[in-house]
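Source file: upload02.txt. Holds: compact mmCIF, C-alpha atoms.
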```txt
# COMPACT_ATOMS: atom_id res chain seq x y z
CA MET I 1 -32.47 19.02 -17.09
CA LEU I 2 -33.47 17.66 -13.71
CA VAL I 3 -30.72 17.93 -11.13
CA SER I 4 -30.99 16.07 -7.84
CA ILE I 5 -28.75 17.53 -5.14
CA TYR I 6 -27.91 16.14 -1.70
CA ARG I 7 -28.95 18.68 0.91
CA HIS I 8 -27.96 18.48 4.55
CA ASN I 9 -27.07 20.90 7.27
CA PRO I 10 -26.06 18.84 10.34
CA GLU I 11 -26.68 21.85 12.59
CA THR I 12 -30.37 22.12 11.71
CA ASP I 13 -31.46 18.96 9.84
CA THR I 14 -32.07 15.55 11.35
CA LYS I 15 -31.36 13.69 8.11
CA PRO I 16 -30.27 14.51 4.56
CA VAL I 17 -32.71 14.90 1.66
CA MET I 18 -32.32 14.93 -2.13
CA GLN I 19 -33.62 18.17 -3.64
CA ASP I 20 -34.74 18.13 -7.28
CA ILE I 21 -34.14 21.34 -9.24
CA GLU I 22 -35.07 21.85 -12.89
CA VAL I 23 -32.24 23.63 -14.71
CA ASP I 24 -32.44 25.10 -18.21
CA ILE I 25 -29.47 23.93 -20.29
CA PRO I 26 -28.72 26.16 -23.30
CA ALA I 27 -29.56 24.25 -26.50
CA GLY I 28 -26.63 22.55 -28.22
CA LYS I 29 -24.26 23.12 -25.30
CA ASP I 30 -22.48 20.42 -23.33
CA LEU I 31 -21.93 22.11 -19.98
CA MET I 32 -19.69 20.91 -17.23
CA VAL I 33 -21.37 19.66 -14.03
CA LEU I 34 -19.98 22.70 -12.18
CA ASP I 35 -21.78 25.00 -14.64
CA VAL I 36 -25.02 23.10 -14.02
CA LEU I 37 -24.46 23.53 -10.27
CA ALA I 38 -24.03 27.27 -10.80
CA LEU I 39 -27.35 27.35 -12.69
CA ALA I 40 -28.99 25.38 -9.85
CA LYS I 41 -27.55 27.84 -7.33
CA GLU I 42 -29.21 30.67 -9.24
CA LYS I 43 -32.53 28.98 -8.42
CA ASP I 44 -31.61 28.14 -4.82
CA SER I 45 -28.81 30.23 -3.45
CA THR I 46 -28.51 28.13 -0.27
CA ILE I 47 -26.81 25.20 -2.06
CA ALA I 48 -23.25 24.83 -0.70
CA TYR I 49 -20.34 23.40 -2.65
CA ARG I 50 -16.62 24.06 -3.02
CA ARG I 51 -15.00 25.24 -6.23
CA SER I 52 -12.05 27.37 -7.21
CA CYS I 53 -10.04 27.03 -10.41
CA ARG I 54 -12.87 25.52 -12.53
CA GLU I 55 -10.30 23.74 -14.74
CA GLY I 56 -9.31 20.56 -12.90
CA VAL I 57 -6.22 21.90 -11.20
CA CYS I 58 -7.20 22.81 -7.63
CA GLY I 59 -9.23 19.68 -6.80
CA SER I 60 -11.80 21.61 -4.76
CA ASP I 61 -14.98 20.41 -6.45
CA GLY I 62 -14.60 16.67 -6.04
CA MET I 63 -18.04 15.13 -5.60
CA ASN I 64 -20.07 12.05 -6.35
CA ILE I 65 -21.64 12.51 -9.78
CA ASN I 66 -24.29 9.93 -10.69
CA GLY I 67 -22.60 7.34 -8.49
CA SER I 68 -19.00 7.96 -9.48
CA ASN I 69 -16.54 10.39 -7.94
CA GLY I 70 -15.15 13.13 -10.15
CA LEU I 71 -14.35 16.80 -10.47
CA ALA I 72 -17.48 18.79 -11.33
CA CYS I 73 -15.50 21.35 -13.34
CA ILE I 74 -14.09 18.87 -15.88
CA THR I 75 -16.94 16.37 -16.05
CA PRO I 76 -19.26 17.16 -18.97
CA ILE I 77 -22.93 16.35 -18.41
CA SER I 78 -22.89 14.26 -21.61
CA GLU I 79 -20.41 11.97 -19.88
CA ALA I 80 -22.16 11.87 -16.51
CA VAL I 81 -25.80 11.48 -17.57
CA LYS I 82 -27.51 9.36 -20.19
CA PRO I 83 -29.67 11.36 -22.64
CA GLY I 84 -32.87 12.38 -20.85
CA GLY I 85 -31.49 11.22 -17.51
CA LYS I 86 -31.22 12.98 -14.18
CA LEU I 87 -27.99 14.47 -12.82
CA VAL I 88 -27.53 13.24 -9.24
CA LEU I 89 -24.96 15.04 -7.10
CA ARG I 90 -23.86 13.83 -3.69
CA PRO I 91 -20.88 14.68 -1.48
CA LEU I 92 -17.72 12.54 -1.60
CA PRO I 93 -18.66 9.31 0.22
CA GLY I 94 -17.11 8.26 3.52
CA LEU I 95 -16.32 11.73 4.85
CA PRO I 96 -18.45 13.71 7.33
CA VAL I 97 -20.70 16.28 5.64
CA ILE I 98 -20.25 19.86 6.76
CA ARG I 99 -23.07 21.05 4.55
CA ASP I 100 -24.65 19.84 1.28
CA LEU I 101 -21.74 18.93 -1.04
CA VAL I 102 -19.04 20.23 1.31
CA VAL I 103 -17.23 17.50 3.27
CA ASP I 104 -14.81 17.58 6.18
CA MET I 105 -11.49 16.40 4.71
CA ALA I 106 -9.54 16.44 7.98
CA ILE I 107 -9.00 12.65 8.10
CA PHE I 108 -7.89 12.66 4.46
CA TYR I 109 -5.24 15.33 5.16
CA LYS I 110 -4.22 13.55 8.37
CA GLN I 111 -3.39 10.46 6.33
CA TYR I 112 -1.53 12.64 3.83
CA GLU I 113 0.48 14.21 6.66
CA LYS I 114 1.48 10.73 7.91
CA ILE I 115 3.50 9.96 4.79
CA LYS I 116 5.68 13.07 5.30
CA PRO I 117 4.93 14.67 1.94
CA TYR I 118 8.21 16.53 1.55
CA LEU I 119 11.76 15.67 0.54
CA ILE I 120 13.96 14.46 3.37
CA ASN I 121 17.67 14.71 2.70
CA ASN I 122 20.20 15.16 5.47
CA ASP I 123 23.20 15.29 3.13
CA PRO I 124 24.97 18.67 2.97
CA ALA I 125 23.10 20.93 0.56
CA PRO I 126 24.90 21.50 -2.75
CA ALA I 127 25.83 25.03 -3.88
CA ILE I 128 22.92 25.36 -6.30
CA GLU I 129 20.49 22.43 -6.39
CA ARG I 130 20.21 18.65 -6.11
CA LEU I 131 20.40 17.41 -9.68
CA GLN I 132 18.45 14.52 -11.18
CA SER I 133 19.10 12.67 -14.41
CA PRO I 134 16.21 12.62 -16.93
CA GLN I 135 15.75 8.91 -16.05
CA GLN I 136 15.49 9.69 -12.32
CA ARG I 137 13.05 12.50 -13.01
CA GLU I 138 10.96 10.23 -15.26
CA LYS I 139 10.21 7.99 -12.28
CA LEU I 140 8.08 10.78 -10.80
CA ASP I 141 5.78 10.93 -13.81
CA GLY I 142 2.31 9.67 -12.96
CA LEU I 143 2.93 10.48 -9.29
CA TYR I 144 3.57 14.19 -8.87
CA GLU I 145 0.45 15.18 -10.82
CA CYS I 146 -1.92 14.28 -7.96
CA ILE I 147 -4.01 17.30 -6.93
CA LEU I 148 -5.36 15.75 -3.69
CA CYS I 149 -8.99 16.06 -4.73
CA ALA I 150 -9.76 12.91 -2.64
CA CYS I 151 -11.88 11.36 -5.41
CA CYS I 152 -9.81 8.16 -5.20
CA SER I 153 -9.59 7.72 -1.43
CA THR I 154 -13.29 8.42 -0.91
CA ASN I 155 -14.20 5.84 -3.56
CA CYS I 156 -12.10 3.17 -1.84
CA PRO I 157 -13.99 0.70 0.43
CA SER I 158 -10.83 0.06 2.49
CA PHE I 159 -10.67 3.79 3.23
CA TRP I 160 -14.36 3.82 4.19
CA TRP I 161 -13.78 0.94 6.63
CA ASN I 162 -10.56 2.17 8.26
CA PRO I 163 -10.09 5.85 7.40
CA ASP I 164 -7.98 6.40 10.52
CA LYS I 165 -5.51 3.60 9.72
CA PHE I 166 -5.41 2.94 5.97
CA ILE I 167 -3.45 5.76 4.30
CA GLY I 168 -5.67 5.56 1.22
CA PRO I 169 -4.75 5.67 -2.46
CA ALA I 170 -4.04 9.42 -2.62
CA GLY I 171 -1.68 9.34 0.36
CA LEU I 172 0.05 6.18 -0.87
CA LEU I 173 0.52 7.59 -4.37
CA GLN I 174 2.31 10.51 -2.72
CA ALA I 175 4.22 8.16 -0.41
CA TYR I 176 5.63 6.39 -3.47
CA ARG I 177 6.31 9.75 -5.13
CA PHE I 178 8.84 10.46 -2.34
CA LEU I 179 10.12 6.87 -2.14
CA ALA I 180 10.86 6.99 -5.87
CA ASP I 181 12.57 10.38 -5.71
CA SER I 182 16.36 10.05 -6.10
CA ARG I 183 16.85 13.19 -3.97
CA ASP I 184 15.11 11.69 -0.94
CA THR I 185 17.31 9.72 1.50
CA ALA I 186 14.69 8.66 4.04
CA THR I 187 13.54 5.47 2.26
CA THR I 188 14.16 3.21 5.29
CA GLU I 189 12.28 5.49 7.69
CA ARG I 190 9.42 5.96 5.25
CA LEU I 191 9.05 2.20 4.73
CA ALA I 192 9.24 1.59 8.50
CA GLY I 193 6.16 3.77 8.88
CA LEU I 194 4.19 1.81 6.28
CA GLY I 195 4.86 -1.82 7.24
CA ASP I 196 1.96 -2.33 9.68
CA PRO I 197 -1.11 -4.39 8.67
CA PHE I 198 -3.20 -1.29 7.86
CA SER I 199 -1.29 1.58 6.24
CA VAL I 200 -0.55 -0.11 2.89
CA PHE I 201 -1.75 -3.69 3.15
CA ARG I 202 -5.43 -2.78 3.45
CA CYS I 203 -5.37 -2.16 -0.28
CA ARG I 204 -7.30 -5.00 -1.89
CA GLY I 205 -6.54 -3.97 -5.44
CA ILE I 206 -10.19 -3.06 -6.06
CA MET I 207 -8.92 -0.29 -8.35
CA ASN I 208 -11.82 2.10 -7.78
CA CYS I 209 -9.10 4.71 -7.34
CA VAL I 210 -7.81 4.12 -10.86
CA ALA I 211 -11.34 4.18 -12.29
CA VAL I 212 -12.21 7.59 -10.85
CA CYS I 213 -8.93 9.55 -10.81
CA PRO I 214 -9.69 12.72 -12.77
CA LYS I 215 -6.00 13.06 -13.64
CA GLY I 216 -5.75 9.52 -15.03
CA LEU I 217 -3.24 8.39 -12.38
CA ASN I 218 -2.78 4.84 -11.12
CA PRO I 219 -2.53 4.66 -7.30
CA THR I 220 -2.91 0.84 -7.35
CA ARG I 221 0.33 0.52 -9.31
CA ALA I 222 2.11 2.85 -6.87
CA ILE I 223 0.82 0.79 -3.93
CA GLY I 224 2.17 -2.33 -5.66
CA HIS I 225 5.59 -0.66 -5.92
CA ILE I 226 5.51 0.22 -2.20
CA ARG I 227 4.56 -3.37 -1.37
CA ASN I 228 7.49 -4.61 -3.46
CA MET I 229 9.78 -2.32 -1.48
CA LEU I 230 8.32 -3.50 1.85
CA ILE I 231 8.55 -7.26 1.27
CA PRO I 232 12.40 -7.43 1.20
CA GLN I 233 12.38 -5.60 4.56
CA CYS I 234 10.95 -8.77 6.20
CA ARG I 235 13.71 -10.54 8.05
CA MET A 1 -10.78 1.38 17.81
CA VAL A 2 -9.39 -1.25 15.48
CA GLY A 3 -5.82 -2.30 16.32
CA SER A 4 -3.19 -4.88 15.39
CA ASP A 5 -3.15 -6.59 18.83
CA THR A 6 -4.69 -9.82 17.58
CA ASN A 7 -2.95 -9.79 14.20
CA PHE A 8 -1.10 -12.95 13.07
CA SER A 9 2.37 -11.43 12.71
CA ARG A 10 1.82 -7.74 13.63
CA SER A 11 3.39 -6.99 10.24
CA GLY A 12 1.50 -6.31 7.04
CA SER A 13 4.37 -7.70 4.97
CA TRP A 14 4.57 -10.98 6.90
CA ASP A 15 0.81 -11.46 6.75
CA TRP A 16 0.90 -10.76 3.03
CA ILE A 17 3.70 -13.27 2.43
CA MET A 18 2.09 -15.89 4.68
CA GLN A 19 -1.24 -15.49 2.90
CA ARG A 20 0.40 -16.12 -0.48
CA ILE A 21 2.61 -19.02 0.64
CA SER A 22 -0.34 -20.74 2.33
CA ALA A 23 -2.45 -20.17 -0.80
CA VAL A 24 0.22 -21.88 -2.95
CA VAL A 25 0.43 -24.81 -0.49
CA LEU A 26 -3.36 -25.17 -0.48
CA ALA A 27 -3.51 -25.00 -4.29
CA ALA A 28 -0.79 -27.69 -4.55
CA TYR A 29 -2.65 -29.89 -2.06
CA THR A 30 -5.93 -29.45 -3.94
CA PHE A 31 -4.25 -30.45 -7.22
CA CYS A 32 -2.67 -33.43 -5.44
CA ILE A 33 -6.02 -34.68 -4.13
CA LEU A 34 -7.80 -34.00 -7.46
CA GLY A 35 -4.89 -35.73 -9.26
CA SER A 36 -5.41 -38.81 -7.07
CA PHE A 37 -9.05 -38.95 -8.11
CA ILE A 38 -8.07 -38.64 -11.78
CA ILE A 39 -5.36 -41.33 -11.55
CA TYR A 40 -7.64 -43.66 -9.56
CA PRO A 41 -11.15 -42.85 -10.82
CA ASP A 42 -12.62 -45.87 -9.02
CA MET A 43 -10.78 -45.29 -5.77
CA ASP A 44 -12.18 -47.40 -2.97
CA TYR A 45 -11.74 -47.07 0.79
CA GLN A 46 -8.65 -49.29 0.87
CA GLN A 47 -6.84 -47.19 -1.76
CA TRP A 48 -7.89 -43.97 0.02
CA TYR A 49 -6.61 -45.41 3.31
CA ALA A 50 -3.33 -46.48 1.67
CA LEU A 51 -2.88 -43.01 0.22
CA PHE A 52 -3.02 -41.44 3.67
CA GLU A 53 -0.91 -44.23 5.20
CA SER A 54 2.18 -42.90 3.42
CA ARG A 55 4.31 -40.57 5.52
CA THR A 56 4.76 -38.13 2.62
CA MET A 57 1.01 -37.68 2.25
CA ARG A 58 0.54 -37.29 5.98
CA VAL A 59 3.25 -34.65 6.24
CA PHE A 60 1.89 -32.85 3.16
CA SER A 61 -1.61 -32.97 4.67
CA LEU A 62 -0.31 -31.63 7.96
CA ILE A 63 1.50 -28.75 6.23
CA SER A 64 -1.69 -28.01 4.28
CA LEU A 65 -3.71 -28.08 7.47
CA GLY A 66 -1.32 -25.57 9.03
CA ALA A 67 -1.51 -23.45 5.87
CA LEU A 68 -5.30 -23.56 6.00
CA CYS A 69 -5.31 -22.42 9.63
CA ALA A 70 -2.88 -19.54 8.96
CA HIS A 71 -4.74 -18.54 5.78
CA GLY A 72 -8.07 -18.71 7.55
CA TRP A 73 -6.94 -16.67 10.54
CA ILE A 74 -5.34 -13.90 8.47
CA GLY A 75 -8.46 -13.74 6.30
CA MET A 76 -10.94 -13.73 9.18
CA TRP A 77 -8.88 -11.19 11.13
CA THR A 78 -8.91 -8.93 8.08
CA VAL A 79 -12.65 -9.36 7.55
CA SER A 80 -13.35 -8.63 11.23
CA THR A 81 -11.20 -5.48 11.27
CA ASP A 82 -12.88 -4.27 8.08
CA TYR A 83 -16.52 -4.91 9.00
CA MET A 84 -16.60 -4.88 12.79
CA THR A 85 -15.45 -1.37 13.52
CA SER A 86 -17.02 1.48 15.47
CA LEU A 87 -18.52 2.73 12.19
CA GLN A 88 -20.80 -0.32 12.09
CA PHE A 89 -21.10 -1.33 15.76
CA GLY A 90 -20.47 1.89 17.68
CA LYS A 91 -19.09 1.53 21.20
CA VAL A 92 -19.49 -2.25 21.32
CA ALA A 93 -17.33 -2.78 18.23
CA THR A 94 -14.24 -3.98 20.11
CA PRO A 95 -16.06 -6.61 22.27
CA VAL A 96 -18.03 -7.81 19.22
CA ARG A 97 -14.83 -8.10 17.15
CA TRP A 98 -12.92 -9.89 19.92
CA LEU A 99 -15.81 -12.29 20.44
CA PHE A 100 -15.87 -13.06 16.72
CA GLN A 101 -12.08 -13.47 16.66
CA ALA A 102 -12.16 -15.73 19.74
CA GLY A 103 -14.77 -17.89 17.99
CA CYS A 104 -12.56 -18.10 14.90
CA ILE A 105 -9.49 -19.05 16.99
CA LEU A 106 -11.50 -21.72 18.78
CA LEU A 107 -12.76 -23.19 15.51
CA ILE A 108 -9.29 -23.12 13.97
CA CYS A 109 -7.78 -24.85 17.03
CA VAL A 110 -10.50 -27.52 17.00
CA TYR A 111 -9.98 -28.02 13.29
CA LEU A 112 -6.20 -28.29 13.68
CA ILE A 113 -6.29 -30.72 16.62
CA TRP A 114 -9.02 -32.81 15.02
CA GLY A 115 -7.08 -32.88 11.73
CA ILE A 116 -3.90 -34.05 13.46
CA GLN A 117 -5.88 -36.74 15.28
CA ILE A 118 -7.37 -38.02 12.02
CA LEU A 119 -4.10 -37.89 10.08
CA TRP A 120 -1.94 -39.59 12.69
CA GLY A 121 -4.62 -41.88 14.07
CA LEU A 122 -4.20 -40.58 17.61
```
For the structure just supplied, provide its representation as structure tokens.
Amino acid sequence: MLVSIYRHNPETDTKPVMQDIEVDIPAGKDLMVLDVLALAKEKDSTIAYRRSCREGVCGSDGMNINGSNGLACITPISEAVKPGGKLVLRPLPGLPVIRDLVVDMAIFYKQYEKIKPYLINNDPAPAIERLQSPQQREKLDGLYECILCACCSTNCPSFWWNPDKFIGPAGLLQAYRFLADSRDTATTERLAGLGDPFSVFRCRGIMNCVAVCPKGLNPTRAIGHIRNMLIPQCR
Amino acid sequence: MVGSDTNFSRSGSWDWIMQRISAVVLAAYTFCILGSFIIYPDMDYQQWYALFESRTMRVFSLISLGALCAHGWIGMWTVSTDYMTSLQFGKVATPVRWLFQAGCILLICVYLIWGIQILWGL
């Protein structure tokens, strides 16, 4: 199989190039893209990419696979490439490239930090723990599973245009995760930080985030919930 | 750097609400005008003139004109802050964006004043 990999080292190269590498896929096997990358790295050990858990949990190997963002470790080549086609791997779009498929995610984490991704509760702590009913806990389903791989935010045009101001789908999914949590008491403060024209309202409902989320989550729906919470605040 | 200085309401929620309300007003006005053409398929100048002679139609037209201006400004402001950033224009992004926004404001003002003049025969 022919694999085309984005190669760029900003310290030495003037512009990026696509490097084609022929990789031998074992007959009858449907490898994951990460396995193909490992085979390519055997041929050229200078290829740089991130990976860790290799089972879709850590979110390290998010990349652009044949035009669509995804996790290399859980994307089978049969899904990414048409029979006889070429596997094209590029870094996550919209973020500065450190080297090859490794991107600088500082702005992504900065947006995540803005939403205060932790429970805020100034009530006196109970003796053991803050309890939730099964119904209250259920509200967090589809929100807490985010692994912050950045596949959604880096596939969002609004995030490409204003990465320093628009929180992005991943950050907003997490923002709603804490807004929806019955144990959190900082709803007013959280909403006050999201009401400007950029943080939430740059979402155009394009739904690229939903299309590429490797965990099958729906950030657009969460953003809609945040918007519904923000509108009554207008007075 | 892109900011909210020239934003319509400085609030994402207000802009969002205003954009939807103005869209509903404009849709209602469009249906009203199209409905007039359906009811009077052979409408001549005198009937058209009479239609806009009524105070109700004038007020409705004025509200729609205001809605169009608000809708247009929010939309153009959003487009300019999406596409005219330092990513596309580098260091001159802010002057380019402000120039574009000033042009939009000028056009909207001309359109509004001209519309009022036409509607009220000033």
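CA of Ile115 in chain I to CA of Ile74 in chain I spans 28.6 Å [interatomic distance, one decimal].
Nearest to chain A of all the residues I:Gly168, I:Gly216, I:Pro134, I:Gly94 is I:Gly94, based on all atoms listed in the file.
Taking all atoms listed in the file into account, Leu39 in chain I lies nearest to I:Leu2 out of the set I:Leu2, I:Asp123, I:Gly62, I:Leu95.
Distances here use all atoms listed in the file; by that measure, the residue among A:Ala27, A:Cys109, A:Val79, A:Ile116 closest to chain I is A:Val79.
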Counting all atoms listed in the file, which residues from chain A have an atom at most 8 Å from any atom of chain I, and could you show them as a PyMOL selection string? chain A and resi 4+7+10-17+82-83+85+87
Pull C-alpha atoms from the residues just selected and write them as an mmCIF file, keeping the file's coordinate frame.
```
data_model
loop_
_atom_site.group_PDB
_atom_site.id
_atom_site.type_symbol
_atom_site.label_atom_id
_atom_site.label_comp_id
_atom_site.auth_asym_id
_atom_site.auth_seq_id
_atom_site.Cartn_x
_atom_site.Cartn_y
_atom_site.Cartn_z
ATOM 1 C CA SER A 4 -3.190 -4.880 15.390
ATOM 2 C CA ASN A 7 -2.950 -9.790 14.200
ATOM 3 C CA ARG A 10 1.820 -7.740 13.630
ATOM 4 C CA SER A 11 3.390 -6.990 10.240
ATOM 5 C CA GLY A 12 1.500 -6.310 7.040
ATOM 6 C CA SER A 13 4.370 -7.700 4.970
ATOM 7 C CA TRP A 14 4.570 -10.980 6.900
ATOM 8 C CA ASP A 15 0.810 -11.460 6.750
ATOM 9 C CA TRP A 16 0.900 -10.760 3.030
ATOM 10 C CA ILE A 17 3.700 -13.270 2.430
ATOM 11 C CA ASP A 82 -12.880 -4.270 8.080
ATOM 12 C CA TYR A 83 -16.520 -4.910 9.000
ATOM 13 C CA THR A 85 -15.450 -1.370 13.520
ATOM 14 C CA LEU A 87 -18.520 2.730 12.190
#
```
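Here CA of Pro117 in chain I and CA of Gln174 in chain I stand 6.8 Å from one another.
Here CA of Met84 in chain A and CA of Thr154 in chain I stand 19.4 Å from one another.
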Within 9 Å of Gln101 in chain A, counting all atoms listed in the file, which residues qualify if same-chain residues fewer than 6 places away don't, as a ChimeraX atom specification? /A:6,73,76-77,80
With only C-alpha atoms as the basis for distance, which of I:Phe178, I:Ala170, I:Ala80, I:Asp20 is at the shortest distance from Asn208 in chain I? I:Ala170
Pick from I:Asn122, I:Ser68, I:Gln111, I:Ser153, whichever lies nearest to Arg90 in chain I using only C-alpha atoms: I:Ser68
Determine, counting all atoms listed in the file, which protein, DNA and RNA residues have an atom within 9 Å of an atom of range 49-64 of chain A; residues of the same chain fewer than 3 positions away are not included. Present the result as a list in words. Ser22, Val25, Leu26, Ala28, Tyr29, Ser36, Asp44, Tyr45, Gln46, Ala67, Leu68, Cys69, Leu112, Gly115, Ile116, Leu119 and Trp120 of chain A
To test the calculation: enclose all listed atoms of range 88-106 of chain A in a box whose edges run along x, y and z, add 6 Å on each side, then state centre and edge lengths in Å to one decimal, as AutoDock Vina command-line options.
```
--center_x -15.3 --center_y -9.9 --center_z 17.2 --size_x 23.6 --size_y 35.6 --size_z 22.2
```
For Ile77 in chain I: contacts at 6 Å, all atoms listed in the file, fewer than 3 positions along chain excluded, given as a count of residues only: 4
List the spatial neighbours of Arg190 in chain I as a PDB file with C-alpha atoms, in the frame of the given file - criterion: any atom at most 10 Å away, only C-alpha atoms, same-chain residues fewer than 5 positions off excluded.
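As written to disk, around.pdb reads:
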```pdb
ATOM      1  CA  LYS I 114       1.480  10.730   7.910  1.00  0.00           C
ATOM      2  CA  ILE I 115       3.500   9.960   4.790  1.00  0.00           C
ATOM      3  CA  LYS I 116       5.680  13.070   5.300  1.00  0.00           C
ATOM      4  CA  ILE I 120      13.960  14.460   3.370  1.00  0.00           C
ATOM      5  CA  ALA I 175       4.220   8.160  -0.410  1.00  0.00           C
ATOM      6  CA  TYR I 176       5.630   6.390  -3.470  1.00  0.00           C
ATOM      7  CA  PHE I 178       8.840  10.460  -2.340  1.00  0.00           C
ATOM      8  CA  LEU I 179      10.120   6.870  -2.140  1.00  0.00           C
ATOM      9  CA  THR I 185      17.310   9.720   1.500  1.00  0.00           C
ATOM     10  CA  GLY I 195       4.860  -1.820   7.240  1.00  0.00           C
TER      11      GLY I 195
END
```
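Counting only C-alpha atoms and comparing I:Leu173, I:Ala127, I:Arg204, I:Asp181, the residue that lies closest to Ile226 in chain I is I:Leu173.
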Exercise: residues within 9 Å of coordinate (-7.6, 11.8, -9.8), counting all atoms listed in the file, as a JSON list (two decimals) with C-alpha atoms, in the frame of the given file:
```json
[["chain", "number", "residue", "atom", "x", "y", "z"],
["I", 59, "GLY", "CA", -9.23, 19.68, -6.80],
["I", 70, "GLY", "CA", -15.15, 13.13, -10.15],
["I", 71, "LEU", "CA", -14.35, 16.80, -10.47],
["I", 145, "GLU", "CA", 0.45, 15.18, -10.82],
["I", 146, "CYS", "CA", -1.92, 14.28, -7.96],
["I", 147, "ILE", "CA", -4.01, 17.30, -6.93],
["I", 148, "LEU", "CA", -5.36, 15.75, -3.69],
["I", 149, "CYS", "CA", -8.99, 16.06, -4.73],
["I", 150, "ALA", "CA", -9.76, 12.91, -2.64],
["I", 151, "CYS", "CA", -11.88, 11.36, -5.41],
["I", 152, "CYS", "CA", -9.81, 8.16, -5.20],
["I", 170, "ALA", "CA", -4.04, 9.42, -2.62],
["I", 209, "CYS", "CA", -9.10, 4.71, -7.34],
["I", 210, "VAL", "CA", -7.81, 4.12, -10.86],
["I", 211, "ALA", "CA", -11.34, 4.18, -12.29],
["I", 212, "VAL", "CA", -12.21, 7.59, -10.85],
["I", 213, "CYS", "CA", -8.93, 9.55, -10.81],
["I", 214, "PRO", "CA", -9.69, 12.72, -12.77],
["I", 215, "LYS", "CA", -6.00, 13.06, -13.64],
["I", 216, "GLY", "CA", -5.75, 9.52, -15.03],
["I", 217, "LEU", "CA", -3.24, 8.39, -12.38],
["I", 218, "ASN", "CA", -2.78, 4.84, -11.12]]
```
